[in-house]
>>> print(open('my_file-v2.pdb').read())   # PDB, C-alpha atoms
ATOM      1  CA  MET A  80      -2.187   7.287 -20.987
ATOM      2  CA  ILE A  81      -1.171   5.370 -17.845
ATOM      3  CA  LYS A  82       1.715   2.970 -18.499
ATOM      4  CA  ILE A  83       1.565  -0.240 -16.470
ATOM      5  CA  ALA A  84       3.955  -3.035 -15.538
ATOM      6  CA  LEU A  85       2.683  -6.407 -14.275
ATOM      7  CA  ALA A  86       4.613  -8.826 -12.069
ATOM      8  CA  ASP A  87       2.946 -12.148 -11.217
ATOM      9  CA  ASP A  88       4.318 -15.667 -11.381
ATOM     10  CA  HIS A  89       0.948 -17.051 -12.520
ATOM     11  CA  ALA A  90       1.099 -16.540 -16.279
ATOM     12  CA  ILE A  91      -2.604 -17.145 -16.890
ATOM     13  CA  LEU A  92      -3.644 -14.549 -14.318
ATOM     14  CA  ARG A  93      -1.022 -12.088 -15.572
ATOM     15  CA  LYS A  94      -2.151 -12.457 -19.182
ATOM     16  CA  GLY A  95      -5.771 -12.141 -18.095
ATOM     17  CA  VAL A  96      -5.089  -8.877 -16.268
ATOM     18  CA  ALA A  97      -3.139  -7.532 -19.250
ATOM     19  CA  GLU A  98      -5.975  -8.437 -21.615
ATOM     20  CA  PHE A  99      -8.559  -6.789 -19.363
ATOM     21  CA  LEU A 100      -6.545  -3.582 -19.045
ATOM     22  CA  SER A 101      -5.960  -3.406 -22.801
ATOM     23  CA  LYS A 102      -9.668  -2.731 -23.279
ATOM     24  CA  PHE A 103      -9.302   0.783 -21.874
ATOM     25  CA  ASP A 104      -8.032   3.658 -23.989
ATOM     26  CA  ASP A 105      -6.269   5.342 -21.071
ATOM     27  CA  LEU A 106      -4.302   2.253 -19.930
ATOM     28  CA  THR A 107      -1.451   0.400 -21.626
ATOM     29  CA  VAL A 108       0.611  -2.539 -20.346
ATOM     30  CA  ILE A 109       4.214  -1.933 -21.397
ATOM     31  CA  MET A 110       5.961  -4.556 -19.285
ATOM     32  CA  GLU A 111       5.298  -8.042 -17.884
ATOM     33  CA  ALA A 112       7.398 -10.152 -15.533
ATOM     34  CA  GLY A 113       7.066 -13.538 -13.897
ATOM     35  CA  ASP A 114       8.755 -12.508 -10.647
ATOM     36  CA  GLY A 115      10.322  -9.594  -8.833
ATOM     37  CA  HIS A 116      13.840 -10.188 -10.137
ATOM     38  CA  GLU A 117      12.626 -10.138 -13.737
ATOM     39  CA  LEU A 118      10.653  -6.950 -13.144
ATOM     40  CA  ILE A 119      13.639  -5.133 -11.610
ATOM     41  CA  THR A 120      15.867  -6.285 -14.481
ATOM     42  CA  LYS A 121      13.378  -4.995 -17.036
ATOM     43  CA  LEU A 122      13.001  -1.676 -15.229
ATOM     44  CA  LYS A 123      16.776  -1.184 -15.290
ATOM     45  CA  ALA A 124      16.889  -1.826 -19.039
ATOM     46  CA  ALA A 125      13.724   0.057 -19.982
ATOM     47  CA  ASP A 126      13.657   3.030 -22.339
ATOM     48  CA  ALA A 127      10.213   3.979 -21.005
ATOM     49  CA  LEU A 128       9.253   3.392 -17.388
ATOM     50  CA  PRO A 129       5.758   2.461 -16.189
ATOM     51  CA  ASP A 130       3.664   4.864 -14.163
ATOM     52  CA  VAL A 131       2.196   2.039 -12.071
ATOM     53  CA  CYS A 132       3.608  -1.383 -11.196
ATOM     54  CA  ILE A 133       1.068  -4.040 -10.249
ATOM     55  CA  VAL A 134       2.942  -6.490  -8.055
ATOM     56  CA  ASP A 135       1.806  -9.841  -6.693
ATOM     57  CA  ILE A 136       2.825 -10.345  -3.073
ATOM     58  CA  ASN A 137       3.442 -14.085  -3.139
ATOM     59  CA  MET A 138       6.131 -14.579  -5.795
ATOM     60  CA  PRO A 139       9.104 -16.974  -5.649
ATOM     61  CA  GLY A 140      12.623 -15.594  -5.437
ATOM     62  CA  MET A 141      11.802 -11.958  -4.738
ATOM     63  CA  ASN A 142       8.378 -11.554  -3.158
ATOM     64  CA  GLY A 143       6.123  -8.524  -3.439
ATOM     65  CA  TYR A 144       7.401  -6.881  -0.263
ATOM     66  CA  GLU A 145      11.012  -7.037  -1.467
ATOM     67  CA  THR A 146      10.049  -6.007  -4.994
ATOM     68  CA  ALA A 147       8.132  -2.967  -3.745
ATOM     69  CA  ALA A 148      11.093  -1.882  -1.632
ATOM     70  CA  GLU A 149      13.468  -2.198  -4.604
ATOM     71  CA  ILE A 150      11.164  -0.218  -6.864
ATOM     72  CA  LYS A 151      10.823   2.595  -4.334
ATOM     73  CA  LYS A 152      14.575   2.690  -3.824
ATOM     74  CA  GLY A 153      15.424   2.801  -7.536
ATOM     75  CA  TRP A 154      12.411   4.576  -9.028
ATOM     76  CA  PRO A 155      10.583   6.498  -6.285
ATOM     77  CA  ASP A 156       8.140   8.137  -8.711
ATOM     78  CA  ILE A 157       6.657   4.811  -9.833
ATOM     79  CA  LYS A 158       3.412   3.991  -8.024
ATOM     80  CA  ILE A 159       2.966   0.447  -6.713
ATOM     81  CA  LEU A 160      -0.290  -1.462  -6.511
ATOM     82  CA  ALA A 161      -0.156  -4.729  -4.580
ATOM     83  CA  LEU A 162      -2.198  -7.655  -5.876
ATOM     84  CA  SER A 163      -2.785 -10.561  -3.534
ATOM     85  CA  MET A 164      -4.996 -13.295  -2.163
ATOM     86  CA  TYR A 165      -4.213 -12.102   1.355
ATOM     87  CA  ASP A 166      -6.569  -9.644   3.049
ATOM     88  CA  THR A 167      -5.141  -9.410   6.577
ATOM     89  CA  GLU A 168      -4.292  -5.949   7.867
ATOM     90  CA  LEU A 169      -0.694  -6.872   8.628
ATOM     91  CA  ASN A 170      -0.109  -7.840   4.975
ATOM     92  CA  VAL A 171      -1.559  -4.514   3.847
ATOM     93  CA  ILE A 172       0.542  -2.577   6.362
ATOM     94  CA  LYS A 173       3.738  -4.444   5.432
ATOM     95  CA  MET A 174       3.207  -3.593   1.759
ATOM     96  CA  LEU A 175       2.555   0.061   2.631
ATOM     97  CA  ARG A 176       5.756   0.180   4.697
ATOM     98  CA  ASN A 177       7.658  -1.218   1.730
ATOM     99  CA  GLY A 178       6.358   1.464  -0.588
ATOM    100  CA  ALA A 179       3.041   0.238  -1.974
ATOM    101  CA  ASN A 180       0.466   2.925  -2.737
ATOM    102  CA  GLY A 181      -2.551   0.638  -2.870
ATOM    103  CA  TYR A 182      -3.792  -2.902  -2.409
ATOM    104  CA  VAL A 183      -6.252  -4.985  -4.430
ATOM    105  CA  LEU A 184      -7.401  -8.552  -3.741
ATOM    106  CA  LYS A 185      -7.275 -11.051  -6.590
ATOM    107  CA  ASP A 186     -10.927 -11.948  -6.079
ATOM    108  CA  SER A 187     -12.040  -8.315  -6.437
ATOM    109  CA  ASP A 188     -14.242  -7.212  -9.301
ATOM    110  CA  PRO A 189     -12.008  -6.419 -12.320
ATOM    111  CA  GLU A 190     -13.421  -2.905 -12.418
ATOM    112  CA  ASP A 191     -11.977  -2.350  -8.924
ATOM    113  CA  LEU A 192      -8.513  -2.868 -10.396
ATOM    114  CA  ARG A 193      -9.086  -0.207 -13.020
ATOM    115  CA  VAL A 194     -10.326   2.224 -10.354
ATOM    116  CA  ALA A 195      -7.325   1.420  -8.157
ATOM    117  CA  ILE A 196      -4.866   2.126 -10.987
ATOM    118  CA  SER A 197      -6.488   5.468 -11.738
ATOM    119  CA  LYS A 198      -6.610   6.487  -8.067
ATOM    120  CA  VAL A 199      -3.007   5.499  -7.394
ATOM    121  CA  HIS A 200      -1.830   7.375 -10.488
ATOM    122  CA  LYS A 201      -3.869  10.506  -9.748
ATOM    123  CA  ASP A 202      -3.935  10.710  -5.945
ATOM    124  CA  GLY A 203      -0.948   8.657  -4.828
ATOM    125  CA  PHE A 204      -3.076   6.249  -2.766
ATOM    126  CA  TYR A 205      -5.876   3.802  -3.414
ATOM    127  CA  HIS A 206      -8.087   3.880  -0.348
ATOM    128  CA  SER A 207     -10.851   1.314  -1.061
ATOM    129  CA  GLU A 208     -12.757   0.511   2.116
ATOM    130  CA  LEU A 209      -9.689   0.961   4.295
ATOM    131  CA  VAL A 210     -10.216   4.639   4.984
ATOM    132  CA  THR A 211     -13.191   6.919   4.628
ATOM    133  CA  GLY A 212     -14.481  10.403   5.341
ATOM    134  CA  ARG A 213     -12.111  12.917   6.865
ATOM    135  CA  MET A 214      -9.187  10.499   6.499
ATOM    136  CA  LEU A 215      -9.205  11.136   2.750
ATOM    137  CA  ASN A 216      -8.594  14.822   3.396
ATOM    138  CA  ILE A 217      -5.758  13.981   5.777
ATOM    139  CA  LEU A 218      -4.075  11.811   3.164
ATOM    140  CA  HIS A 219      -4.398  14.508   0.508
ATOM    141  CA  ASP A 220      -3.223  17.333   2.779
ATOM    142  CA  PRO A 221       0.369  18.460   2.030
ATOM    143  CA  ASP A 222       1.618  17.852   5.565
ATOM    144  CA  GLY A 223      -0.857  15.082   6.309
ATOM    145  CA  LYS A 224      -1.582  16.268   9.844
ATOM    146  CA  MET A 225      -4.647  18.515   9.628
ATOM    147  CA  ASN A 226      -3.918  20.037  13.094
ATOM    148  CA  ILE A 227      -4.983  16.836  14.850
ATOM    149  CA  GLU A 228      -3.911  16.702  18.490
ATOM    150  CA  ILE A 229      -2.071  13.457  19.149
ATOM    151  CA  ASN A 230      -0.151  13.041  22.380
ATOM    152  CA  GLU A 231       3.282  11.437  22.643
ATOM    153  CA  ARG A 232       1.993   8.067  23.842
ATOM    154  CA  GLU A 233      -0.535   7.901  21.016
ATOM    155  CA  LEU A 234       2.224   8.840  18.576
ATOM    156  CA  ASN A 235       4.414   5.988  19.816
ATOM    157  CA  PHE A 236       1.479   3.609  19.541
ATOM    158  CA  LEU A 237       0.736   4.868  16.018
ATOM    159  CA  GLY A 238       4.274   4.103  14.911
ATOM    160  CA  LEU A 239       4.104   0.589  16.333
ATOM    161  CA  CYS A 240       0.832   0.001  14.469
ATOM    162  CA  CYS A 241       2.941   0.009  11.301
ATOM    163  CA  SER A 242       4.970  -2.940  12.552
ATOM    164  CA  GLU A 243       4.094  -6.618  12.488
ATOM    165  CA  LEU A 244       3.530  -6.659  16.244
ATOM    166  CA  THR A 245       0.142  -7.708  17.573
ATOM    167  CA  TYR A 246      -1.715  -5.311  19.863
ATOM    168  CA  LYS A 247      -0.674  -7.512  22.811
ATOM    169  CA  GLU A 248       2.980  -7.288  21.760
ATOM    170  CA  ILE A 249       2.654  -3.518  21.341
ATOM    171  CA  ALA A 250       1.308  -3.310  24.894
ATOM    172  CA  ASP A 251       4.287  -5.332  26.155
ATOM    173  CA  GLN A 252       6.780  -3.155  24.275
ATOM    174  CA  MET A 253       5.227   0.035  25.634
ATOM    175  CA  CYS A 254       5.018  -1.489  29.142
ATOM    176  CA  LEU A 255       1.284  -0.829  29.222
ATOM    177  CA  SER A 256      -1.794  -2.952  29.740
ATOM    178  CA  PRO A 257      -3.780  -4.245  26.729
ATOM    179  CA  ARG A 258      -6.728  -2.180  27.992
ATOM    180  CA  THR A 259      -4.664   1.009  27.811
ATOM    181  CA  ILE A 260      -3.578   0.120  24.272
ATOM    182  CA  ASP A 261      -7.220  -0.447  23.351
ATOM    183  CA  GLY A 262      -7.902   3.055  24.652
ATOM    184  CA  TYR A 263      -5.182   4.573  22.450
ATOM    185  CA  ARG A 264      -6.553   2.710  19.451
ATOM    186  CA  GLU A 265     -10.127   3.853  20.000
ATOM    187  CA  SER A 266      -8.998   7.430  20.634
ATOM    188  CA  LEU A 267      -7.059   7.492  17.348
ATOM    189  CA  PHE A 268      -9.956   5.881  15.494
ATOM    190  CA  ARG A 269     -12.115   8.807  16.607
ATOM    191  CA  LYS A 270      -9.534  11.500  15.905
ATOM    192  CA  LEU A 271      -8.590  10.194  12.459
ATOM    193  CA  HIS A 272     -12.053   8.962  11.457
ATOM    194  CA  VAL A 273     -10.864   5.444  10.626
ATOM    195  CA  THR A 274     -12.016   2.037  11.786
ATOM    196  CA  THR A 275      -9.059  -0.226  10.983
ATOM    197  CA  ARG A 276      -5.401  -0.619  11.859
ATOM    198  CA  THR A 277      -4.638  -0.138   8.156
ATOM    199  CA  GLY A 278      -6.195   3.317   8.342
ATOM    200  CA  LEU A 279      -3.928   4.166  11.272
ATOM    201  CA  ALA A 280      -0.900   2.922   9.331
ATOM    202  CA  MET A 281      -1.791   4.952   6.244
ATOM    203  CA  TYR A 282      -2.007   8.101   8.366
ATOM    204  CA  ALA A 283       1.299   7.309  10.096
ATOM    205  CA  ILE A 284       3.089   6.841   6.779
ATOM    206  CA  LYS A 285       1.571   9.916   5.128
ATOM    207  CA  ALA A 286       2.255  12.125   8.163
ATOM    208  CA  GLY A 287       5.848  10.936   8.434
ATOM    209  CA  VAL A 288       5.396   9.229  11.803
ATOM    210  CA  VAL A 289       7.155   6.255  10.215
ATOM    211  CA  SER A 290       9.169   6.166   7.018
ATOM    212  CA  VAL A 291       8.680   3.957   3.998
ATOM    213  CA  LYS A 292      11.541   1.497   3.686
TER     214      LYS A 292
END
>>> encode(input="my_file-v2.pdb", output="structure tokens")
Amino acid sequence: MIKIALADDHAILRKGVAEFLSKFDDLTVIMEAGDGHELITKLKAADALPDVCIVDINMPGMNGYETAAEIKKGWPDIKILALSMYDTELNVIKMLRNGANGYVLKDSDPEDLRVAISKVHKDGFYHSELVTGRMLNILHDPDGKMNIEINERELNFLGLCCSELTYKEIADQMCLSPRTIDGYRESLFRKLHVTTRTGLAMYAIKAGVVSVK
């Protein structure tokens, strides 16, 4: 039985998600909160902790990024699944840096949410379309590196991919041309078998190139 906590300031959506999840024998919602502060307060007072926290990004008071960071600091074993209307890579990467293990859009099919919960609980990450193929093996490997040859410049670039900098700003920070940065990106796409910046960030976090906040 996977125990779940929900944090979303939209009560109708929160209740709808709870009702949907209650249909499954292997899932149970044990905690609901209207914002991040309420969720943290309930976690501190709880007799039984959830296995997975589903956290909306855009909440008043304490947003999803801050909530994820607090959960990881206080209860590192709890898995975090971000729920949001936003689908930009930088939002995904920011949530991953703050401790999220997966990311689901609010307009996704409800069944996708169930799959995401199961994957996060079992594997530690929910990959969706963000990473495919050999990248899955890299993420599941104990050291996360799979003997992939990455030079120092590519490693620096990989770390900066986990920031909120644009590729142009990364080029400026590394004192390189945008074309050179494009070359690093394409090289890492080939080596890691990914096609998105989110895939690069997931590898960087799993391999310890950058640390979760």
>>> resolve_selection(input="my_file-v2.pdb", expression="the PyMOL selection byres ((chain A and resi 251-262) around 12)", output="list in words")
Glu231, Arg232, Glu233, Leu234, Asn235, Phe236, Leu237, Gly238, Leu239, Cys240, Ser242, Leu244, Thr245, Tyr246, Lys247, Glu248, Ile249, Ala250, Tyr263, Arg264, Glu265, Ser266, Leu267, Phe268, Arg269 and Arg276 of chain A
>>> closest_residue(input="my_file-v2.pdb", among="A:Gly287, A:Gly115, A:Gly143, A:Gly181", to="Lys198 in chain A", atoms="all atoms listed in the file")
A:Gly181
>>> residues_around(input="my_file-v2.pdb", residues="Thr146 in chain A", least_positions_apart="5", cutoff="12 Å", atoms="only C-alpha atoms", output="JSON, numbers by chain")
{"A": [85, 86, 87, 112, 114, 115, 116, 117, 118, 119, 120, 122, 132, 133, 134, 135, 136, 137, 138, 139, 140, 141, 151, 152, 153, 154, 159, 160, 161, 174, 177, 178, 179, 292]}
>>> resolve_selection(input="my_file-v2.pdb", expression="the PyMOL selection byres ((chain A and resi 80) around 10)", output="VMD selection string")
chain A and resid 81 to 83 103 to 107 130
>>> residues_near_point(input="my_file-v2.pdb", point="(-3.8, -11.8, -3.7)", cutoff="7 Å", atoms="all atoms listed in the file", output="PyMOL selection string")
chain A and resi 135-136+162-165+184-185
>>> write_last_selection(input="my_file-v2.pdb", atoms="C-alpha atoms", output="compact mmCIF listing (two decimals), in the frame of the given file")
# COMPACT_ATOMS: atom_id res chain seq x y z
CA ASP A 135 1.81 -9.84 -6.69
CA ILE A 136 2.82 -10.34 -3.07
CA LEU A 162 -2.20 -7.66 -5.88
CA SER A 163 -2.78 -10.56 -3.53
CA MET A 164 -5.00 -13.30 -2.16
CA TYR A 165 -4.21 -12.10 1.36
CA LEU A 184 -7.40 -8.55 -3.74
CA LYS A 185 -7.28 -11.05 -6.59
>>> atom_distance(input="my_file-v2.pdb", atom1="CA of Phe99 in chain A", atom2="CA of Ile157 in chain A")
21.4 Å
>>> residues_around(input="my_file-v2.pdb", residues="Lys201 in chain A", least_positions_apart="2", cutoff="12 Å", atoms="all atoms listed in the file", output="PyMOL selection string")
chain A and resi 80-81+130-131+157-158+180+194-199+203-205+219
>>> write_last_selection(input="my_file-v2.pdb", atoms="C-alpha atoms", output="PDB file, keeping the file's coordinate frame")
ATOM      1  CA  MET A  80      -2.187   7.287 -20.987  1.00  0.00           C
ATOM      2  CA  ILE A  81      -1.171   5.370 -17.845  1.00  0.00           C
ATOM      3  CA  ASP A 130       3.664   4.864 -14.163  1.00  0.00           C
ATOM      4  CA  VAL A 131       2.196   2.039 -12.071  1.00  0.00           C
ATOM      5  CA  ILE A 157       6.657   4.811  -9.833  1.00  0.00           C
ATOM      6  CA  LYS A 158       3.412   3.991  -8.024  1.00  0.00           C
ATOM      7  CA  ASN A 180       0.466   2.925  -2.737  1.00  0.00           C
ATOM      8  CA  VAL A 194     -10.326   2.224 -10.354  1.00  0.00           C
ATOM      9  CA  ALA A 195      -7.325   1.420  -8.157  1.00  0.00           C
ATOM     10  CA  ILE A 196      -4.866   2.126 -10.987  1.00  0.00           C
ATOM     11  CA  SER A 197      -6.488   5.468 -11.738  1.00  0.00           C
ATOM     12  CA  LYS A 198      -6.610   6.487  -8.067  1.00  0.00           C
ATOM     13  CA  VAL A 199      -3.007   5.499  -7.394  1.00  0.00           C
ATOM     14  CA  GLY A 203      -0.948   8.657  -4.828  1.00  0.00           C
ATOM     15  CA  PHE A 204      -3.076   6.249  -2.766  1.00  0.00           C
ATOM     16  CA  TYR A 205      -5.876   3.802  -3.414  1.00  0.00           C
ATOM     17  CA  HIS A 219      -4.398  14.508   0.508  1.00  0.00           C
TER      18      HIS A 219
END
>>> atom_distance(input="my_file-v2.pdb", atom1="CA of Glu243 in chain A", atom2="CA of Lys285 in chain A")
18.3 Å
>>> build_atoms(input="my_file-v2.pdb", residues="range 83-114 of chain A", atoms="N, CA and C atoms", output="tab-separated table (two decimals), in the coordinates of the input")
chain	number	residue	atom	x	y	z
A	83	ILE	N	1.65	0.74	-17.55
A	83	ILE	CA	1.56	-0.24	-16.47
A	83	ILE	C	2.56	-1.37	-16.66
A	84	ALA	N	3.14	-1.82	-15.56
A	84	ALA	CA	3.96	-3.04	-15.54
A	84	ALA	C	3.26	-4.06	-14.64
A	85	LEU	N	3.30	-5.32	-15.04
A	85	LEU	CA	2.68	-6.41	-14.28
A	85	LEU	C	3.75	-7.41	-13.84
A	86	ALA	N	3.71	-7.78	-12.57
A	86	ALA	CA	4.61	-8.83	-12.07
A	86	ALA	C	3.80	-9.85	-11.30
A	87	ASP	N	3.69	-11.06	-11.86
A	87	ASP	CA	2.95	-12.15	-11.22
A	87	ASP	C	3.47	-13.45	-11.78
A	88	ASP	N	3.76	-14.42	-10.90
A	88	ASP	CA	4.32	-15.67	-11.38
A	88	ASP	C	3.28	-16.59	-12.00
A	89	HIS	N	2.00	-16.26	-11.88
A	89	HIS	CA	0.95	-17.05	-12.52
A	89	HIS	C	0.66	-16.45	-13.89
A	90	ALA	N	1.16	-17.10	-14.93
A	90	ALA	CA	1.10	-16.54	-16.28
A	90	ALA	C	-0.34	-16.33	-16.75
A	91	ILE	N	-1.21	-17.27	-16.43
A	91	ILE	CA	-2.60	-17.14	-16.89
A	91	ILE	C	-3.25	-15.91	-16.28
A	92	LEU	N	-3.07	-15.73	-14.98
A	92	LEU	CA	-3.64	-14.55	-14.32
A	92	LEU	C	-3.03	-13.27	-14.88
A	93	ARG	N	-1.70	-13.28	-15.06
A	93	ARG	CA	-1.02	-12.09	-15.57
A	93	ARG	C	-1.54	-11.71	-16.96
A	94	LYS	N	-1.66	-12.71	-17.83
A	94	LYS	CA	-2.15	-12.46	-19.18
A	94	LYS	C	-3.60	-11.98	-19.15
A	95	GLY	N	-4.38	-12.54	-18.22
A	95	GLY	CA	-5.77	-12.14	-18.10
A	95	GLY	C	-5.90	-10.69	-17.67
A	96	VAL	N	-5.08	-10.27	-16.71
A	96	VAL	CA	-5.09	-8.88	-16.27
A	96	VAL	C	-4.67	-7.96	-17.40
A	97	ALA	N	-3.62	-8.35	-18.14
A	97	ALA	CA	-3.14	-7.53	-19.25
A	97	ALA	C	-4.21	-7.38	-20.32
A	98	GLU	N	-4.92	-8.48	-20.60
A	98	GLU	CA	-5.98	-8.44	-21.62
A	98	GLU	C	-7.12	-7.54	-21.16
A	99	PHE	N	-7.48	-7.63	-19.89
A	99	PHE	CA	-8.56	-6.79	-19.36
A	99	PHE	C	-8.18	-5.32	-19.46
A	100	LEU	N	-6.97	-4.98	-19.06
A	100	LEU	CA	-6.54	-3.58	-19.05
A	100	LEU	C	-6.41	-3.01	-20.46
A	101	SER	N	-6.13	-3.87	-21.42
A	101	SER	CA	-5.96	-3.41	-22.80
A	101	SER	C	-7.26	-2.90	-23.41
A	102	LYS	N	-8.38	-3.17	-22.76
A	102	LYS	CA	-9.67	-2.73	-23.28
A	102	LYS	C	-9.89	-1.23	-23.08
A	103	PHE	N	-9.09	-0.62	-22.22
A	103	PHE	CA	-9.30	0.78	-21.87
A	103	PHE	C	-8.32	1.68	-22.62
A	104	ASP	N	-8.84	2.76	-23.17
A	104	ASP	CA	-8.03	3.66	-23.99
A	104	ASP	C	-6.97	4.40	-23.19
A	105	ASP	N	-7.20	4.56	-21.87
A	105	ASP	CA	-6.27	5.34	-21.07
A	105	ASP	C	-5.24	4.48	-20.34
A	106	LEU	N	-5.24	3.16	-20.59
A	106	LEU	CA	-4.30	2.25	-19.93
A	106	LEU	C	-3.52	1.45	-20.97
A	107	THR	N	-2.24	1.24	-20.73
A	107	THR	CA	-1.45	0.40	-21.63
A	107	THR	C	-0.43	-0.39	-20.81
A	108	VAL	N	-0.36	-1.69	-21.03
A	108	VAL	CA	0.61	-2.54	-20.35
A	108	VAL	C	1.89	-2.56	-21.19
A	109	ILE	N	2.97	-2.02	-20.64
A	109	ILE	CA	4.21	-1.93	-21.40
A	109	ILE	C	5.26	-2.94	-20.93
A	110	MET	N	4.95	-3.66	-19.84
A	110	MET	CA	5.96	-4.56	-19.28
A	110	MET	C	5.30	-5.67	-18.49
A	111	GLU	N	5.77	-6.91	-18.67
A	111	GLU	CA	5.30	-8.04	-17.88
A	111	GLU	C	6.49	-8.81	-17.34
A	112	ALA	N	6.32	-9.37	-16.15
A	112	ALA	CA	7.40	-10.15	-15.53
A	112	ALA	C	6.80	-11.28	-14.71
A	113	GLY	N	7.53	-12.37	-14.63
A	113	GLY	CA	7.07	-13.54	-13.90
A	113	GLY	C	7.46	-13.53	-12.44
A	114	ASP	N	8.36	-12.63	-12.06
A	114	ASP	CA	8.76	-12.51	-10.65
A	114	ASP	C	9.41	-11.16	-10.42
